[in-house]
Amino acid sequence: MDFPTIGAPDTGDTAWMLTSAALVLLMTPGLAFFYGGMVRAKSVLNMIMMSVSAMGLVGVLWVLYGYSMAFGEDKGNFVGDPFQYFGLKSLIGGAYLAETDDAGATVADAAIPLVGTIPATVFVAFQAMFAIITVALISGAVADRLRFGPWLLFAGLWATVVYFPVAHWVFAFDGVTSETGGWIANKLAAVDFAGGTAVHINAGAAGLVLCIILGKRKGWPGTPFRPHNLPFVMLGAGLLWFGWFGFNAGSAVGSNGIAGATFITTVVATCAAMLAWLLTERIRDGHATSLGGASGIVAGLVAITPSCSSVNVVGALAIGVVSGVLCALAVGLKFKFGFDDSLDVVGVHLVGGIVGTLMVGLVATSEAPAGVEGLFYGGGVDQLWRQAVGAGAVLLYSLVGTAIIAYIVKFTVGLRADDESESLGVDESEHAETAYDFAALGGNSLGRLSSKEA
């Protein structure tokens, strides 16, 4: 199959999409800071490395066959042809062909593979960043105890077996990036504008399964696992919020009104979610914390991701409030059910992704760019059941696929650090490094605190 068009890209759209791709890439270092600050001092480097390593590993797999699996010609409503664009075959490059006009003057016509109005290579780069951060998100569920080598093996297998097919279901639109696109987007007609299912439900479900198979941290839940650097957490949340505008508004695949509308709904929902989380904390615990504020920001960003093109400002506010409250409550589920989701990937990303996806069926309005109507705007339950089926399909596939991959890795090379390494810290055992040289600080209070609690 050839790309639909060969020609000259729109320079404005191309500039915006290059910027958006860079913004989404920044989200992964932002996630590294967010996660890194939440763990103890003896695990921070390993936590950061799991995010950074995803950038390298998934970036290579994406250009080899991942993009083709996600956006190649459909095979059985499941995956794109992995060989169609293997190594970005037929996508790299493009030429300016010299021709002569009627007056005999030489003109240059672009002959570049396009996705919509942008070069195909720009779209490849943009979607690569989605694949990278989806894999990195999973790592927060298994902090303090997962060995680095098995993490890389798991990440490569998971990206191949789980993420690339799911991205095809959700992101491959007919006539734009695939001759016959993914079934969630085109046959089910569920709305997932920027990845609530493919990214957040997918990664959240994977985190749930992986942390259960890996087992609880030594001492959990009795031992307090306090964040060692809350300024890191706040910095990470700020970088995520900044990069998320590329994530959501960039999914318009152009510099247009849809990008502007999704930019606004992203701001509104995130602000509302942060305030709702802080209020929930204040009522429940008597304090509104910086960790809660940062977590509320991320919860709002997650929930508005699938719905940012289908709601107005009122809908965005509703999604922000509901996600802020529900995610703040959901992070306590791990204590009730006994799964050690270290950094609340399930409570924030799985629950937030489900909330945002389902609320399209409630508060979507035809006034918004997506043009669908939810229950509260007179659309009945038609869109709601479509959203539920899409969310449920991704959830189930990720749960099963992750379990198979995790058990394969566990019984071949092993997953978990041994007791001594876990007590010493995975920074030392896995990377032979420490984030902080406490000996150089002498006998001050920080050094004494770290020797007991780090």
# chains A, B, ... in the order shown; residues from 1 in each chain; ligands from 1
>>> residues_around(residues="stretch 206-217 of chain A", least_positions_apart="4", cutoff="8 Å", atoms="only C-alpha atoms", output="list of chain:residue names")
A:Ile138, A:Ser139, A:Gly140, A:Ala141, A:Val142, A:Asp144, A:Arg145, A:Leu146, A:Asn202, A:Phe339, A:Asp340, A:Asp341, A:Val345, A:Val346, A:Ser398, A:Leu399, A:Thr402, A:Ala403, A:Ala406, A:Tyr407, A:Leu415, A:Arg416
>>> write_last_selection(atoms="N, CA and C atoms", output="PDB file, in the first residue's frame")
ATOM      1  N   ILE A 138       4.830   2.100  33.061  1.00  0.00           N
ATOM      2  CA  ILE A 138       4.665   0.836  33.788  1.00  0.00           C
ATOM      3  C   ILE A 138       5.640   0.745  34.947  1.00  0.00           C
ATOM      4  N   SER A 139       6.828   1.317  34.793  1.00  0.00           N
ATOM      5  CA  SER A 139       7.897   1.121  35.768  1.00  0.00           C
ATOM      6  C   SER A 139       7.534   1.626  37.155  1.00  0.00           C
ATOM      7  N   GLY A 140       6.634   2.586  37.255  1.00  0.00           N
ATOM      8  CA  GLY A 140       6.271   3.119  38.556  1.00  0.00           C
ATOM      9  C   GLY A 140       5.598   2.109  39.469  1.00  0.00           C
ATOM     10  N   ALA A 141       5.011   1.077  38.893  1.00  0.00           N
ATOM     11  CA  ALA A 141       4.326   0.067  39.704  1.00  0.00           C
ATOM     12  C   ALA A 141       5.287  -0.897  40.380  1.00  0.00           C
ATOM     13  N   VAL A 142       6.542  -0.943  39.918  1.00  0.00           N
ATOM     14  CA  VAL A 142       7.463  -1.991  40.376  1.00  0.00           C
ATOM     15  C   VAL A 142       8.741  -1.397  40.950  1.00  0.00           C
ATOM     16  N   ASP A 144      11.787  -0.180  43.310  1.00  0.00           N
ATOM     17  CA  ASP A 144      12.567  -0.687  44.446  1.00  0.00           C
ATOM     18  C   ASP A 144      12.937  -2.164  44.354  1.00  0.00           C
ATOM     19  N   ARG A 145      12.445  -2.915  43.366  1.00  0.00           N
ATOM     20  CA  ARG A 145      12.662  -4.360  43.439  1.00  0.00           C
ATOM     21  C   ARG A 145      12.826  -5.063  42.098  1.00  0.00           C
ATOM     22  N   LEU A 146      12.687  -4.381  40.985  1.00  0.00           N
ATOM     23  CA  LEU A 146      12.807  -5.024  39.676  1.00  0.00           C
ATOM     24  C   LEU A 146      14.219  -4.865  39.141  1.00  0.00           C
ATOM     25  N   ASN A 202      -3.789   0.894  29.123  1.00  0.00           N
ATOM     26  CA  ASN A 202      -2.836  -0.137  28.726  1.00  0.00           C
ATOM     27  C   ASN A 202      -1.691  -0.250  29.735  1.00  0.00           C
ATOM     28  N   PHE A 339      -2.044  -5.386  46.728  1.00  0.00           N
ATOM     29  CA  PHE A 339      -1.056  -5.370  45.641  1.00  0.00           C
ATOM     30  C   PHE A 339      -0.173  -4.144  45.805  1.00  0.00           C
ATOM     31  N   ASP A 340       1.134  -4.335  45.687  1.00  0.00           N
ATOM     32  CA  ASP A 340       2.093  -3.266  45.972  1.00  0.00           C
ATOM     33  C   ASP A 340       2.406  -2.482  44.702  1.00  0.00           C
ATOM     34  N   ASP A 341       1.497  -1.610  44.337  1.00  0.00           N
ATOM     35  CA  ASP A 341       1.697  -0.677  43.224  1.00  0.00           C
ATOM     36  C   ASP A 341       2.470   0.508  43.771  1.00  0.00           C
ATOM     37  N   VAL A 345       0.510   3.710  39.870  1.00  0.00           N
ATOM     38  CA  VAL A 345       0.214   3.659  38.441  1.00  0.00           C
ATOM     39  C   VAL A 345      -1.233   3.219  38.216  1.00  0.00           C
ATOM     40  N   VAL A 346      -1.690   2.275  39.015  1.00  0.00           N
ATOM     41  CA  VAL A 346      -3.065   1.787  38.873  1.00  0.00           C
ATOM     42  C   VAL A 346      -4.055   2.872  39.268  1.00  0.00           C
ATOM     43  N   SER A 398      -4.375  -6.156  27.686  1.00  0.00           N
ATOM     44  CA  SER A 398      -3.161  -5.799  28.410  1.00  0.00           C
ATOM     45  C   SER A 398      -2.960  -6.694  29.626  1.00  0.00           C
ATOM     46  N   LEU A 399      -4.029  -7.001  30.348  1.00  0.00           N
ATOM     47  CA  LEU A 399      -3.912  -7.886  31.500  1.00  0.00           C
ATOM     48  C   LEU A 399      -3.366  -9.249  31.096  1.00  0.00           C
ATOM     49  N   THR A 402       0.287  -8.983  29.353  1.00  0.00           N
ATOM     50  CA  THR A 402       1.329  -8.672  30.332  1.00  0.00           C
ATOM     51  C   THR A 402       1.631  -9.877  31.209  1.00  0.00           C
ATOM     52  N   ALA A 403       0.595 -10.596  31.622  1.00  0.00           N
ATOM     53  CA  ALA A 403       0.805 -11.768  32.469  1.00  0.00           C
ATOM     54  C   ALA A 403       1.664 -12.813  31.753  1.00  0.00           C
ATOM     55  N   ALA A 406       5.290 -11.445  31.520  1.00  0.00           N
ATOM     56  CA  ALA A 406       5.941 -11.378  32.830  1.00  0.00           C
ATOM     57  C   ALA A 406       6.330 -12.760  33.320  1.00  0.00           C
ATOM     58  N   TYR A 407       5.471 -13.744  33.123  1.00  0.00           N
ATOM     59  CA  TYR A 407       5.812 -15.103  33.557  1.00  0.00           C
ATOM     60  C   TYR A 407       6.939 -15.691  32.713  1.00  0.00           C
ATOM     61  N   LEU A 415      12.954 -11.927  37.548  1.00  0.00           N
ATOM     62  CA  LEU A 415      12.496 -10.539  37.552  1.00  0.00           C
ATOM     63  C   LEU A 415      13.040  -9.735  38.719  1.00  0.00           C
ATOM     64  N   ARG A 416      13.016 -10.344  39.881  1.00  0.00           N
ATOM     65  CA  ARG A 416      13.185  -9.568  41.111  1.00  0.00           C
ATOM     66  C   ARG A 416      14.610  -9.615  41.638  1.00  0.00           C
TER      67      ARG A 416
END
>>> select_by_dssp(residues="stretch 328-391 of chain A", states="helix (DSSP H, G or I)", output="PDB file with N, CA and C atoms, in the first residue's frame")
ATOM      1  N   ALA A 328      -7.811  10.091  43.702  1.00  0.00           N
ATOM      2  CA  ALA A 328      -7.331  10.278  45.069  1.00  0.00           C
ATOM      3  C   ALA A 328      -7.823   9.159  45.979  1.00  0.00           C
ATOM      4  N   LEU A 329      -9.042   8.701  45.758  1.00  0.00           N
ATOM      5  CA  LEU A 329      -9.574   7.587  46.539  1.00  0.00           C
ATOM      6  C   LEU A 329      -9.002   6.254  46.076  1.00  0.00           C
ATOM      7  N   ALA A 330      -8.754   6.127  44.770  1.00  0.00           N
ATOM      8  CA  ALA A 330      -8.322   4.850  44.208  1.00  0.00           C
ATOM      9  C   ALA A 330      -6.918   4.457  44.623  1.00  0.00           C
ATOM     10  N   LEU A 333      -6.656   1.711  47.138  1.00  0.00           N
ATOM     11  CA  LEU A 333      -7.125   0.359  46.860  1.00  0.00           C
ATOM     12  C   LEU A 333      -6.031  -0.685  47.036  1.00  0.00           C
ATOM     13  N   LYS A 334      -4.773  -0.289  46.810  1.00  0.00           N
ATOM     14  CA  LYS A 334      -3.690  -1.268  46.926  1.00  0.00           C
ATOM     15  C   LYS A 334      -3.566  -1.790  48.350  1.00  0.00           C
ATOM     16  N   PHE A 335      -3.888  -0.964  49.335  1.00  0.00           N
ATOM     17  CA  PHE A 335      -3.837  -1.432  50.717  1.00  0.00           C
ATOM     18  C   PHE A 335      -5.011  -2.364  51.020  1.00  0.00           C
ATOM     19  N   LYS A 336      -6.144  -2.086  50.426  1.00  0.00           N
ATOM     20  CA  LYS A 336      -7.321  -2.932  50.659  1.00  0.00           C
ATOM     21  C   LYS A 336      -7.174  -4.297  49.997  1.00  0.00           C
ATOM     22  N   PHE A 337      -6.619  -4.312  48.769  1.00  0.00           N
ATOM     23  CA  PHE A 337      -6.539  -5.565  48.029  1.00  0.00           C
ATOM     24  C   PHE A 337      -5.154  -6.216  48.075  1.00  0.00           C
ATOM     25  N   VAL A 345       0.510   3.710  39.870  1.00  0.00           N
ATOM     26  CA  VAL A 345       0.214   3.659  38.441  1.00  0.00           C
ATOM     27  C   VAL A 345      -1.233   3.219  38.216  1.00  0.00           C
ATOM     28  N   VAL A 346      -1.690   2.275  39.015  1.00  0.00           N
ATOM     29  CA  VAL A 346      -3.065   1.787  38.873  1.00  0.00           C
ATOM     30  C   VAL A 346      -4.055   2.872  39.268  1.00  0.00           C
ATOM     31  N   GLY A 347      -3.845   3.479  40.433  1.00  0.00           N
ATOM     32  CA  GLY A 347      -4.792   4.466  40.926  1.00  0.00           C
ATOM     33  C   GLY A 347      -4.895   5.700  40.062  1.00  0.00           C
ATOM     34  N   VAL A 348      -3.792   6.094  39.421  1.00  0.00           N
ATOM     35  CA  VAL A 348      -3.795   7.313  38.614  1.00  0.00           C
ATOM     36  C   VAL A 348      -4.023   7.010  37.139  1.00  0.00           C
ATOM     37  N   HIS A 349      -3.244   6.113  36.569  1.00  0.00           N
ATOM     38  CA  HIS A 349      -3.311   5.921  35.122  1.00  0.00           C
ATOM     39  C   HIS A 349      -4.427   4.963  34.695  1.00  0.00           C
ATOM     40  N   LEU A 350      -4.559   3.838  35.372  1.00  0.00           N
ATOM     41  CA  LEU A 350      -5.643   2.925  35.005  1.00  0.00           C
ATOM     42  C   LEU A 350      -6.998   3.537  35.332  1.00  0.00           C
ATOM     43  N   VAL A 351      -7.163   3.998  36.561  1.00  0.00           N
ATOM     44  CA  VAL A 351      -8.448   4.577  36.949  1.00  0.00           C
ATOM     45  C   VAL A 351      -8.712   5.874  36.183  1.00  0.00           C
ATOM     46  N   GLY A 352      -7.708   6.737  36.081  1.00  0.00           N
ATOM     47  CA  GLY A 352      -7.889   7.979  35.334  1.00  0.00           C
ATOM     48  C   GLY A 352      -8.207   7.744  33.871  1.00  0.00           C
ATOM     49  N   GLY A 353      -7.551   6.767  33.257  1.00  0.00           N
ATOM     50  CA  GLY A 353      -7.818   6.449  31.861  1.00  0.00           C
ATOM     51  C   GLY A 353      -9.232   5.934  31.655  1.00  0.00           C
ATOM     52  N   ILE A 354      -9.695   5.093  32.581  1.00  0.00           N
ATOM     53  CA  ILE A 354     -11.060   4.573  32.483  1.00  0.00           C
ATOM     54  C   ILE A 354     -12.076   5.697  32.669  1.00  0.00           C
ATOM     55  N   VAL A 355     -11.843   6.550  33.666  1.00  0.00           N
ATOM     56  CA  VAL A 355     -12.760   7.674  33.915  1.00  0.00           C
ATOM     57  C   VAL A 355     -12.870   8.560  32.679  1.00  0.00           C
ATOM     58  N   GLY A 356     -11.732   8.960  32.123  1.00  0.00           N
ATOM     59  CA  GLY A 356     -11.762   9.847  30.964  1.00  0.00           C
ATOM     60  C   GLY A 356     -12.396   9.215  29.751  1.00  0.00           C
ATOM     61  N   THR A 357     -12.146   7.922  29.551  1.00  0.00           N
ATOM     62  CA  THR A 357     -12.714   7.227  28.389  1.00  0.00           C
ATOM     63  C   THR A 357     -14.222   7.083  28.508  1.00  0.00           C
ATOM     64  N   LEU A 358     -14.684   6.685  29.681  1.00  0.00           N
ATOM     65  CA  LEU A 358     -16.123   6.489  29.862  1.00  0.00           C
ATOM     66  C   LEU A 358     -16.891   7.802  29.880  1.00  0.00           C
ATOM     67  N   MET A 359     -16.286   8.852  30.410  1.00  0.00           N
ATOM     68  CA  MET A 359     -17.014  10.118  30.501  1.00  0.00           C
ATOM     69  C   MET A 359     -17.237  10.776  29.147  1.00  0.00           C
ATOM     70  N   VAL A 360     -16.528  10.330  28.119  1.00  0.00           N
ATOM     71  CA  VAL A 360     -16.886  10.755  26.759  1.00  0.00           C
ATOM     72  C   VAL A 360     -18.337  10.397  26.485  1.00  0.00           C
ATOM     73  N   GLY A 361     -18.739   9.206  26.934  1.00  0.00           N
ATOM     74  CA  GLY A 361     -20.118   8.759  26.724  1.00  0.00           C
ATOM     75  C   GLY A 361     -21.140   9.502  27.549  1.00  0.00           C
ATOM     76  N   LEU A 362     -20.685  10.331  28.488  1.00  0.00           N
ATOM     77  CA  LEU A 362     -21.599  11.096  29.324  1.00  0.00           C
ATOM     78  C   LEU A 362     -21.620  12.572  28.965  1.00  0.00           C
ATOM     79  N   VAL A 363     -20.448  13.191  28.781  1.00  0.00           N
ATOM     80  CA  VAL A 363     -20.397  14.652  28.652  1.00  0.00           C
ATOM     81  C   VAL A 363     -19.888  15.130  27.292  1.00  0.00           C
ATOM     82  N   LEU A 375     -24.510  11.010  26.881  1.00  0.00           N
ATOM     83  CA  LEU A 375     -25.822  10.848  27.497  1.00  0.00           C
ATOM     84  C   LEU A 375     -26.387  12.164  27.993  1.00  0.00           C
ATOM     85  N   PHE A 376     -25.569  13.000  28.622  1.00  0.00           N
ATOM     86  CA  PHE A 376     -26.059  14.235  29.213  1.00  0.00           C
ATOM     87  C   PHE A 376     -26.349  15.320  28.179  1.00  0.00           C
ATOM     88  N   TYR A 377     -25.984  15.075  26.931  1.00  0.00           N
ATOM     89  CA  TYR A 377     -26.256  16.043  25.864  1.00  0.00           C
ATOM     90  C   TYR A 377     -27.223  15.471  24.827  1.00  0.00           C
ATOM     91  N   ASP A 382     -25.536   5.381  23.310  1.00  0.00           N
ATOM     92  CA  ASP A 382     -24.826   4.835  22.160  1.00  0.00           C
ATOM     93  C   ASP A 382     -23.318   5.027  22.273  1.00  0.00           C
ATOM     94  N   GLN A 383     -22.880   6.246  22.566  1.00  0.00           N
ATOM     95  CA  GLN A 383     -21.443   6.480  22.663  1.00  0.00           C
ATOM     96  C   GLN A 383     -20.864   5.858  23.927  1.00  0.00           C
ATOM     97  N   LEU A 384     -21.656   5.779  24.971  1.00  0.00           N
ATOM     98  CA  LEU A 384     -21.170   5.221  26.235  1.00  0.00           C
ATOM     99  C   LEU A 384     -20.792   3.751  26.083  1.00  0.00           C
ATOM    100  N   TRP A 385     -21.634   2.969  25.410  1.00  0.00           N
ATOM    101  CA  TRP A 385     -21.287   1.552  25.273  1.00  0.00           C
ATOM    102  C   TRP A 385     -20.084   1.360  24.359  1.00  0.00           C
ATOM    103  N   ARG A 386     -19.931   2.230  23.374  1.00  0.00           N
ATOM    104  CA  ARG A 386     -18.749   2.146  22.517  1.00  0.00           C
ATOM    105  C   ARG A 386     -17.478   2.428  23.317  1.00  0.00           C
ATOM    106  N   GLN A 387     -17.561   3.423  24.176  1.00  0.00           N
ATOM    107  CA  GLN A 387     -16.405   3.744  25.015  1.00  0.00           C
ATOM    108  C   GLN A 387     -16.081   2.588  25.957  1.00  0.00           C
ATOM    109  N   ALA A 388     -17.115   1.991  26.522  1.00  0.00           N
ATOM    110  CA  ALA A 388     -16.906   0.897  27.465  1.00  0.00           C
ATOM    111  C   ALA A 388     -16.288  -0.320  26.782  1.00  0.00           C
ATOM    112  N   VAL A 389     -16.739  -0.629  25.589  1.00  0.00           N
ATOM    113  CA  VAL A 389     -16.180  -1.778  24.865  1.00  0.00           C
ATOM    114  C   VAL A 389     -14.717  -1.517  24.509  1.00  0.00           C
ATOM    115  N   GLY A 390     -14.411  -0.322  24.040  1.00  0.00           N
ATOM    116  CA  GLY A 390     -13.027  -0.002  23.708  1.00  0.00           C
ATOM    117  C   GLY A 390     -12.120  -0.087  24.918  1.00  0.00           C
ATOM    118  N   ALA A 391     -12.555   0.508  26.028  1.00  0.00           N
ATOM    119  CA  ALA A 391     -11.758   0.469  27.254  1.00  0.00           C
ATOM    120  C   ALA A 391     -11.598  -0.955  27.758  1.00  0.00           C
TER     121      ALA A 391
END
>>> closest_residue(among="A:Ile258, A:Met38, A:Val24, A:Val311", to="A:Gly374", atoms="only C-alpha atoms")
A:Val311
>>> residues_around(residues="A:Ile405", least_positions_apart="2", cutoff="10 Å", atoms="only C-alpha atoms", output="number ranges by chain")
A: 153-155, 157-158, 161-162, 210, 400-403, 407-410
>>> residues_around(residues="A:Trp62", least_positions_apart="4", cutoff="12 Å", atoms="only C-alpha atoms", output="ChimeraX atom specification")
/A:54-58,66-71,82,85-88,124-132,156,159-160,163-164,167
>>> decode(residues="stretch 259-281 of chain A", atoms="N, CA and C atoms", output="mmCIF file, in the first residue's frame")
data_model
loop_
_atom_site.group_PDB
_atom_site.id
_atom_site.type_symbol
_atom_site.label_atom_id
_atom_site.label_comp_id
_atom_site.auth_asym_id
_atom_site.auth_seq_id
_atom_site.Cartn_x
_atom_site.Cartn_y
_atom_site.Cartn_z
ATOM 1 N N ALA A 259 -6.500 21.691 17.570
ATOM 2 C CA ALA A 259 -5.377 21.820 18.500
ATOM 3 C C ALA A 259 -5.671 22.876 19.564
ATOM 4 N N GLY A 260 -6.255 23.995 19.147
ATOM 5 C CA GLY A 260 -6.587 25.037 20.103
ATOM 6 C C GLY A 260 -7.629 24.598 21.109
ATOM 7 N N ALA A 261 -8.667 23.907 20.639
ATOM 8 C CA ALA A 261 -9.732 23.452 21.534
ATOM 9 C C ALA A 261 -9.207 22.445 22.545
ATOM 10 N N THR A 262 -8.390 21.504 22.084
ATOM 11 C CA THR A 262 -7.865 20.487 22.996
ATOM 12 C C THR A 262 -6.862 21.078 23.979
ATOM 13 N N PHE A 263 -6.163 22.108 23.567
ATOM 14 C CA PHE A 263 -5.259 22.808 24.480
ATOM 15 C C PHE A 263 -6.055 23.374 25.658
ATOM 16 N N ILE A 264 -7.174 24.018 25.372
ATOM 17 C CA ILE A 264 -7.990 24.636 26.413
ATOM 18 C C ILE A 264 -8.588 23.584 27.339
ATOM 19 N N THR A 265 -9.181 22.530 26.787
ATOM 20 C CA THR A 265 -9.799 21.515 27.645
ATOM 21 C C THR A 265 -8.758 20.804 28.498
ATOM 22 N N THR A 266 -7.546 20.670 27.985
ATOM 23 C CA THR A 266 -6.469 20.062 28.772
ATOM 24 C C THR A 266 -6.118 20.925 29.974
ATOM 25 N N VAL A 267 -6.019 22.232 29.770
ATOM 26 C CA VAL A 267 -5.733 23.144 30.882
ATOM 27 C C VAL A 267 -6.840 23.067 31.931
ATOM 28 N N VAL A 268 -8.076 23.171 31.478
ATOM 29 C CA VAL A 268 -9.207 23.273 32.401
ATOM 30 C C VAL A 268 -9.335 22.011 33.248
ATOM 31 N N ALA A 269 -9.292 20.847 32.616
ATOM 32 C CA ALA A 269 -9.465 19.598 33.356
ATOM 33 C C ALA A 269 -8.346 19.387 34.358
ATOM 34 N N THR A 270 -7.127 19.737 33.984
ATOM 35 C CA THR A 270 -5.987 19.531 34.876
ATOM 36 C C THR A 270 -6.081 20.426 36.102
ATOM 37 N N CYS A 271 -6.434 21.671 35.897
ATOM 38 C CA CYS A 271 -6.609 22.589 37.030
ATOM 39 C C CYS A 271 -7.682 22.065 37.985
ATOM 40 N N ALA A 272 -8.800 21.624 37.425
ATOM 41 C CA ALA A 272 -9.906 21.142 38.255
ATOM 42 C C ALA A 272 -9.519 19.875 39.003
ATOM 43 N N ALA A 273 -8.794 18.991 38.361
ATOM 44 C CA ALA A 273 -8.394 17.741 39.005
ATOM 45 C C ALA A 273 -7.440 17.987 40.166
ATOM 46 N N MET A 274 -6.502 18.898 39.979
ATOM 47 C CA MET A 274 -5.583 19.209 41.070
ATOM 48 C C MET A 274 -6.342 19.726 42.288
ATOM 49 N N LEU A 275 -7.259 20.666 42.076
ATOM 50 C CA LEU A 275 -8.030 21.210 43.184
ATOM 51 C C LEU A 275 -8.907 20.142 43.828
ATOM 52 N N ALA A 276 -9.497 19.276 43.016
ATOM 53 C CA ALA A 276 -10.362 18.227 43.553
ATOM 54 C C ALA A 276 -9.565 17.229 44.391
ATOM 55 N N TRP A 277 -8.370 16.878 43.933
ATOM 56 C CA TRP A 277 -7.520 15.952 44.702
ATOM 57 C C TRP A 277 -7.150 16.593 46.041
ATOM 58 N N LEU A 278 -6.730 17.854 46.015
ATOM 59 C CA LEU A 278 -6.336 18.533 47.245
ATOM 60 C C LEU A 278 -7.505 18.643 48.230
ATOM 61 N N LEU A 279 -8.693 18.920 47.723
ATOM 62 C CA LEU A 279 -9.865 19.002 48.594
ATOM 63 C C LEU A 279 -10.181 17.640 49.199
ATOM 64 N N THR A 280 -10.070 16.586 48.378
ATOM 65 C CA THR A 280 -10.306 15.232 48.875
ATOM 66 C C THR A 280 -9.328 14.889 49.989
ATOM 67 N N GLU A 281 -8.060 15.218 49.786
ATOM 68 C CA GLU A 281 -7.047 15.005 50.822
ATOM 69 C C GLU A 281 -7.377 15.778 52.096
#
